[in-house]
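Engineer: Following this line is coords.tsv, made up of TSV, C-alpha atoms:
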chain	number	residue	atom	x	y	z
J	1	ASP	CA	141.51	107.91	94.08
J	2	ALA	CA	142.52	104.69	95.79
J	3	GLY	CA	145.39	104.87	98.21
J	4	VAL	CA	148.11	102.30	98.68
J	5	THR	CA	146.54	98.89	99.05
J	6	GLN	CA	148.04	95.81	100.65
J	7	SER	CA	146.97	92.20	100.83
J	8	PRO	CA	146.27	90.21	102.80
J	9	THR	CA	145.21	92.23	105.84
J	10	HIS	CA	146.14	89.53	108.32
J	11	LEU	CA	148.15	86.36	108.00
J	12	ILE	CA	149.07	83.55	110.37
J	13	LYS	CA	152.00	81.28	109.55
J	14	THR	CA	154.15	78.77	111.39
J	15	ARG	CA	157.90	78.81	111.81
J	16	GLY	CA	159.82	77.70	108.74
J	17	GLN	CA	157.06	78.58	106.29
J	18	HIS	CA	157.26	81.09	103.48
J	19	VAL	CA	155.04	84.16	103.02
J	20	THR	CA	154.29	86.57	100.17
J	21	LEU	CA	152.84	90.01	100.84
J	22	ARG	CA	151.47	92.23	98.10
J	23	CYS	CA	151.29	95.96	97.56
J	24	SER	CA	149.63	98.15	94.95
J	25	PRO	CA	150.90	101.72	94.91
J	26	ILE	CA	148.87	104.79	94.18
J	27	SER	CA	148.24	105.11	90.46
J	28	GLY	CA	151.16	106.86	88.80
J	29	HIS	CA	153.57	106.20	91.66
J	30	LYS	CA	156.76	104.51	90.52
J	31	SER	CA	158.60	104.04	93.81
J	32	VAL	CA	157.62	101.41	96.39
J	33	SER	CA	159.24	100.82	99.76
J	34	TRP	CA	158.68	98.14	102.39
J	35	TYR	CA	158.91	98.55	106.15
J	36	GLN	CA	158.63	96.24	109.13
J	37	GLN	CA	156.92	97.58	112.26
J	38	VAL	CA	157.30	95.41	115.32
J	39	LEU	CA	154.69	96.09	118.00
J	40	GLY	CA	155.61	99.15	120.05
J	41	GLN	CA	158.41	100.27	117.74
J	42	GLY	CA	158.87	102.52	114.77
J	43	PRO	CA	158.89	101.11	111.24
J	44	GLN	CA	162.21	99.74	109.98
J	45	PHE	CA	163.19	100.12	106.31
J	46	ILE	CA	163.49	96.84	104.40
J	47	PHE	CA	163.60	97.66	100.67
J	48	GLN	CA	163.02	100.35	98.13
J	49	TYR	CA	162.18	99.59	94.51
J	50	TYR	CA	162.06	102.00	91.63
J	51	GLU	CA	161.46	101.12	88.01
J	52	LYS	CA	161.57	97.42	88.91
J	53	GLU	CA	165.06	97.62	90.39
J	54	GLU	CA	166.16	97.45	94.01
J	55	ARG	CA	167.50	100.87	94.93
J	56	GLY	CA	167.95	100.49	98.66
J	57	ARG	CA	168.08	97.76	101.27
J	58	GLY	CA	167.91	97.88	105.04
J	59	ASN	CA	169.63	95.64	107.55
J	60	PHE	CA	167.56	92.51	106.99
J	61	PRO	CA	168.74	88.95	106.28
J	62	ASP	CA	168.64	87.36	102.84
J	63	ARG	CA	165.46	85.53	103.85
J	64	PHE	CA	163.74	88.78	102.88
J	65	SER	CA	163.38	89.52	99.19
J	66	ALA	CA	161.12	91.62	97.03
J	67	ARG	CA	160.35	92.53	93.49
J	68	GLN	CA	158.46	95.16	91.55
J	69	PHE	CA	156.35	94.44	88.50
J	70	PRO	CA	155.89	96.47	85.29
J	71	ASN	CA	152.67	97.96	86.72
J	72	TYR	CA	154.74	99.11	89.75
J	73	SER	CA	153.00	96.77	92.17
J	74	SER	CA	155.33	94.88	94.47
J	75	GLU	CA	155.71	91.68	96.44
J	76	LEU	CA	157.66	91.07	99.63
J	77	ASN	CA	158.75	87.50	100.25
J	78	VAL	CA	160.02	86.09	103.51
J	79	ASN	CA	161.44	82.57	103.68
J	80	ALA	CA	162.05	80.31	106.67
J	81	LEU	CA	159.85	82.38	108.95
J	82	LEU	CA	160.97	83.01	112.52
J	83	LEU	CA	158.88	84.03	115.50
J	84	GLY	CA	160.63	87.40	115.38
J	85	ASP	CA	159.22	88.08	111.93
J	86	SER	CA	155.83	88.71	113.52
J	87	ALA	CA	155.08	92.34	112.74
J	88	LEU	CA	153.05	94.80	110.72
J	89	TYR	CA	154.52	95.06	107.22
J	90	LEU	CA	153.96	98.42	105.62
J	91	CYS	CA	154.22	99.37	102.00
J	92	ALA	CA	154.77	102.97	100.98
J	93	SER	CA	154.65	104.56	97.56
J	94	ARG	CA	155.75	107.85	96.18
J	95	GLN	CA	155.40	109.44	92.80
J	96	ASP	CA	159.07	109.42	91.93
J	97	ARG	CA	162.45	109.15	93.61
J	98	GLY	CA	163.20	112.02	95.94
J	99	THR	CA	159.63	113.32	95.98
J	100	TRP	CA	157.49	113.74	99.07
J	101	PRO	CA	155.53	112.51	100.77
J	102	SER	CA	155.53	108.76	101.08
J	103	PHE	CA	151.98	107.42	101.23
J	104	PHE	CA	151.63	104.39	103.45
J	105	GLY	CA	149.25	101.49	103.09
J	106	PRO	CA	147.32	100.02	106.03
J	107	GLY	CA	149.78	97.18	106.37
J	108	THR	CA	149.68	93.39	106.59
J	109	ARG	CA	149.71	91.97	110.10
J	110	LEU	CA	151.86	88.80	110.05
J	111	THR	CA	151.79	86.45	113.02
J	112	VAL	CA	154.30	83.60	113.13
J	113	LEU	CA	153.48	80.78	115.55
F	1	GLY	CA	174.48	105.44	111.17
F	2	ASP	CA	171.52	107.75	110.87
F	3	SER	CA	169.06	107.61	113.75
F	4	VAL	CA	166.15	109.37	115.42
F	5	THR	CA	165.47	109.67	119.14
F	6	GLN	CA	162.20	110.89	120.56
F	7	MET	CA	160.75	111.26	124.02
F	8	GLU	CA	159.34	108.17	125.60
F	9	GLY	CA	155.64	107.86	126.13
F	10	PRO	CA	152.95	107.39	126.82
F	11	VAL	CA	152.00	111.03	127.18
F	12	THR	CA	148.63	111.82	128.72
F	13	LEU	CA	147.21	115.34	128.49
F	14	SER	CA	143.94	117.02	129.22
F	15	GLU	CA	142.02	118.57	126.36
F	16	GLU	CA	143.28	122.07	125.42
F	17	ALA	CA	146.68	121.46	127.04
F	18	PHE	CA	149.93	122.39	125.28
F	19	LEU	CA	151.81	119.55	123.62
F	20	THR	CA	155.54	119.13	123.05
F	21	ILE	CA	157.11	115.92	121.80
F	22	ASN	CA	160.89	116.14	121.66
F	23	CYS	CA	162.81	114.70	118.72
F	24	THR	CA	166.54	114.74	118.00
F	25	TYR	CA	168.40	113.15	115.14
F	26	THR	CA	171.82	111.99	114.02
F	27	ALA	CA	172.58	112.06	110.33
F	28	THR	CA	175.35	112.56	107.85
F	29	GLY	CA	174.57	115.16	105.26
F	30	TYR	CA	171.41	117.22	105.29
F	31	PRO	CA	168.32	115.14	105.98
F	32	SER	CA	164.70	116.04	105.43
F	33	LEU	CA	162.67	115.73	108.63
F	34	PHE	CA	159.12	114.53	109.11
F	35	TRP	CA	156.44	113.85	111.67
F	36	TYR	CA	154.10	110.97	110.91
F	37	VAL	CA	150.97	110.08	112.88
F	38	GLN	CA	149.33	106.68	113.31
F	39	TYR	CA	145.76	106.75	114.56
F	40	PRO	CA	144.39	103.61	116.23
F	41	GLY	CA	143.72	100.94	113.63
F	42	GLU	CA	144.95	103.09	110.75
F	43	GLY	CA	148.08	103.41	108.65
F	44	LEU	CA	150.82	106.01	108.87
F	45	GLN	CA	150.00	109.51	107.69
F	46	LEU	CA	152.44	112.32	107.01
F	47	LEU	CA	151.66	115.13	109.46
F	48	LEU	CA	154.29	117.69	108.47
F	49	LYS	CA	157.74	118.04	106.99
F	50	ALA	CA	160.75	120.36	106.74
F	51	THR	CA	163.45	119.96	104.15
F	52	LYS	CA	166.14	122.42	105.25
F	53	ALA	CA	167.46	124.20	108.30
F	54	ASP	CA	165.11	126.77	109.90
F	55	ASP	CA	162.12	125.53	107.88
F	56	LYS	CA	158.90	125.29	109.88
F	57	GLY	CA	156.45	122.56	108.99
F	58	SER	CA	152.84	122.98	110.05
F	59	ASN	CA	149.55	121.15	109.64
F	60	LYS	CA	146.30	120.82	111.63
F	61	GLY	CA	147.65	123.14	114.35
F	62	PHE	CA	150.86	121.15	114.78
F	63	GLU	CA	154.24	122.79	114.17
F	64	ALA	CA	157.88	121.75	114.14
F	65	THR	CA	161.01	123.71	113.26
F	66	TYR	CA	164.14	122.17	111.74
F	67	ARG	CA	166.98	123.19	114.09
F	68	LYS	CA	170.30	122.19	112.58
F	69	GLU	CA	172.39	123.62	115.43
F	70	THR	CA	170.65	121.42	118.00
F	71	THR	CA	169.76	118.59	115.53
F	72	SER	CA	166.17	118.77	116.74
F	73	PHE	CA	162.66	118.78	115.28
F	74	HIS	CA	160.30	119.07	118.24
F	75	LEU	CA	156.55	118.75	117.63
F	76	GLU	CA	154.24	121.30	119.26
F	77	LYS	CA	150.55	122.07	119.39
F	78	GLY	CA	148.99	124.84	121.39
F	79	SER	CA	145.73	123.12	122.31
F	80	VAL	CA	145.25	119.40	121.90
F	81	GLN	CA	141.93	117.68	121.28
F	82	VAL	CA	140.72	114.19	122.06
F	83	SER	CA	140.93	113.44	118.34
F	84	ASP	CA	144.71	114.01	118.47
F	85	SER	CA	145.14	110.77	120.44
F	86	ALA	CA	147.52	108.69	118.35
F	87	VAL	CA	151.13	107.55	118.06
F	88	TYR	CA	153.51	110.17	116.67
F	89	PHE	CA	156.71	109.24	114.85
F	90	CYS	CA	159.60	111.56	114.14
F	91	ALA	CA	161.51	110.54	111.02
F	92	LEU	CA	164.30	111.56	108.69
F	93	GLU	CA	165.29	110.82	105.14
F	94	THR	CA	168.71	111.24	103.56
F	95	SER	CA	168.86	109.10	100.44
F	96	TYR	CA	167.39	106.19	98.50
F	97	ASP	CA	163.92	107.25	99.63
F	98	LYS	CA	164.67	105.46	102.91
F	99	VAL	CA	162.79	106.89	105.86
F	100	ILE	CA	164.30	106.31	109.31
F	101	PHE	CA	161.74	106.44	112.10
F	102	GLY	CA	162.01	107.07	115.79
F	103	PRO	CA	160.36	104.64	118.21
F	104	GLY	CA	157.13	106.61	118.42
F	105	THR	CA	155.39	108.51	121.21
F	106	SER	CA	151.88	107.52	122.23
F	107	LEU	CA	149.61	110.45	123.06
F	108	SER	CA	146.32	110.15	124.92
F	109	VAL	CA	144.14	113.22	125.32
F	110	ILE	CA	141.42	113.01	127.95
F	111	PRO	CA	138.32	115.22	128.05
Hey, can you dump this file as structure tokens for me?
Structural biologist:
Amino acid sequence: DAGVTQSPTHLIKTRGQHVTLRCSPISGHKSVSWYQQVLGQGPQFIFQYYEKEERGRGNFPDRFSARQFPNYSSELNVNALLLGDSALYLCASRQDRGTWPSFFGPGTRLTVL
Amino acid sequence: GDSVTQMEGPVTLSEEAFLTINCTYTATGYPSLFWYVQYPGEGLQLLLKATKADDKGSNKGFEATYRKETTSFHLEKGSVQVSDSAVYFCALETSYDKVIFGPGTSLSVIP
């Protein structure tokens, strides 16, 4: 079975631009979460979506938004990119709320110049 | 707020040495505790978990015990191998499927 997939693998943007990152969860998984991992640090929680609704949000500005589609795939959008947004963005899926474990995708490496 | 603290790295050990990576947490309520591992160039993988006090999680020779009285979840392995070289993250989860990670500890095992 395919694991969590994310696209693109790498992305280079300039300050002020907008970016969209995509995630496909494991088949049958209804919950998707997004994390930001800055180099040398642990992942930081951004969003959790379940059944197409936002169920949790971390301490990130409104420039970050996300959505989940009927097939449970998800997009993370970041507007007005800053240099500090350069990071590995991880998507995680789980079968249902409150179930373990979370399965993580390989991530999208975003570089903002 | 909820948080996780773990020992700073990098940690360098010889093959077959004993490994301990310390982890302590702060949380309201009763969190579930996890260790994740990130091998070079790969994504995060769940290594082991414990969901209540005194539970012991174990996998691939690694162990950690949920100690509520000391709010700790230290990772141990009796004999490390070169293939264990990776970054290890201690983490907790309380609600909303939100996992809170520690800063990570880099482990290098030399032959």
Engineer: Using only C-alpha atoms, what table do you get, as a tab-separated table, when you list each residue of chain F with an atom no more than 8 Å from chain J, its nearest pair of atoms, and their distance in Å rounded to one decimal, rows by chain then rising number?
Structural biologist:
residue	atom	partner	partner_atom	distance
F:Glu42	CA	J:Pro106	CA	6.1
F:Gly43	CA	J:Pro106	CA	4.4
F:Leu44	CA	J:Phe104	CA	5.7
F:Gln45	CA	J:Phe104	CA	6.8
F:Leu46	CA	J:Pro101	CA	7.0
F:Phe89	CA	J:Gly42	CA	7.1
F:Ser95	CA	J:Gly98	CA	7.8
F:Tyr96	CA	J:Gly56	CA	5.7
F:Asp97	CA	J:Gly98	CA	6.1
F:Lys98	CA	J:Phe45	CA	6.5
F:Val99	CA	J:Phe45	CA	6.8
F:Ile100	CA	J:Gln44	CA	6.9
F:Phe101	CA	J:Gly42	CA	5.5
F:Gly102	CA	J:Gly42	CA	5.6
F:Pro103	CA	J:Gly42	CA	4.3
F:Gly104	CA	J:Gly42	CA	5.8
Engineer: Skip Leu83 (chain J) itself and residues of its chain fewer than 4 positions away, then list as a ChimeraX atom specification all residues within 12 Å of it, counting all atoms listed in the file.
Structural biologist: /J:12-17,38,87,110-113
Engineer: Set the distance at 7 Å and use all atoms listed in the file: which residues neighbour Thr5 (chain F) once local chain neighbours fewer than 6 positions away are removed? I'd like the list as a compact mmCIF listing (two decimals) with C-alpha atoms, in the coordinates of the input.
Structural biologist:
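Ended up saving to out_8.txt:
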# COMPACT_ATOMS: atom_id res chain seq x y z
CA CYS F 23 162.81 114.70 118.72
CA THR F 24 166.54 114.74 118.00
CA TYR F 25 168.40 113.15 115.14
CA GLY F 102 162.01 107.07 115.79
Engineer: So which residues touch Asn71 (chain J) within 12 Å, counting all atoms listed in the file, skipping near sequence neighbours fewer than 4 positions away, as a VMD selection string?
Structural biologist: chain J and resid 23 to 32 50 to 52 67 75
Engineer: Considering all atoms listed in the file, return as a list in words whatever protein or nucleic-acid residues lie within 10 Å of Ser106 (chain F), sequence-local ones (same chain, fewer than 6 positions apart) excluded.
Structural biologist: Gly40 of chain J; Met7, Glu8, Gly9, Pro10, Val11, Thr12, Ile21, Val37, Gln38, Tyr39, Ser85, Ala86, Val87, Tyr88 and Phe89 of chain F
Engineer: Suppose you want the space between CA of Leu81 (chain J) and CA of Glu93 (chain F); what is it in Å?
Structural biologist: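 According to the coordinates, CA of Leu81 (chain J) and CA of Glu93 (chain F) are separated by 29.2 Å.
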Engineer: Give as a list in words every residue, naming chains and numbers as the document does, that has an atom within 7 Å of (165.1, 121.0, 109.8), counting all atoms listed in the file.
Structural biologist: Ser32, Leu33, Ala50, Thr51, Lys52, Ala53, Asp54, Asp55, Thr65, Tyr66, Arg67, Lys68 and Phe73 of chain F
Engineer: May I ask for the distance between CA of Arg63 (chain J) and CA of Thr94 (chain F), given in Å to one decimal place?
Structural biologist: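 Taking CA of Arg63 (chain J) as the start and CA of Thr94 (chain F) as the end point, the length is 25.9 Å.
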Engineer: Just how far from CA of Gly1 (chain F) is CA of Thr28 (chain F), in Å to one decimal?
Structural biologist: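 We find that CA of Thr28 (chain F) and CA of Gly1 (chain F) lie 7.9 Å from each other.
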Engineer: Using all atoms of region 33-47 of chain J listed in the file and a margin of 3 Å per side, can you give the axis-aligned box centre and edge lengths in Å to one decimal, as AutoDock Vina command-line options?
Structural biologist:
--center_x 159.1 --center_y 99.0 --center_z 109.9 --size_x 14.9 --size_y 13.1 --size_z 26.3
Engineer: Counting all atoms listed in the file, which residues come within 9 Å of (143.5, 114.2, 121.8), with the point read in the file's coordinates, and could you list them as a VMD selection string?
Structural biologist: chain F and resid 12 to 16 80 to 86 107 to 111
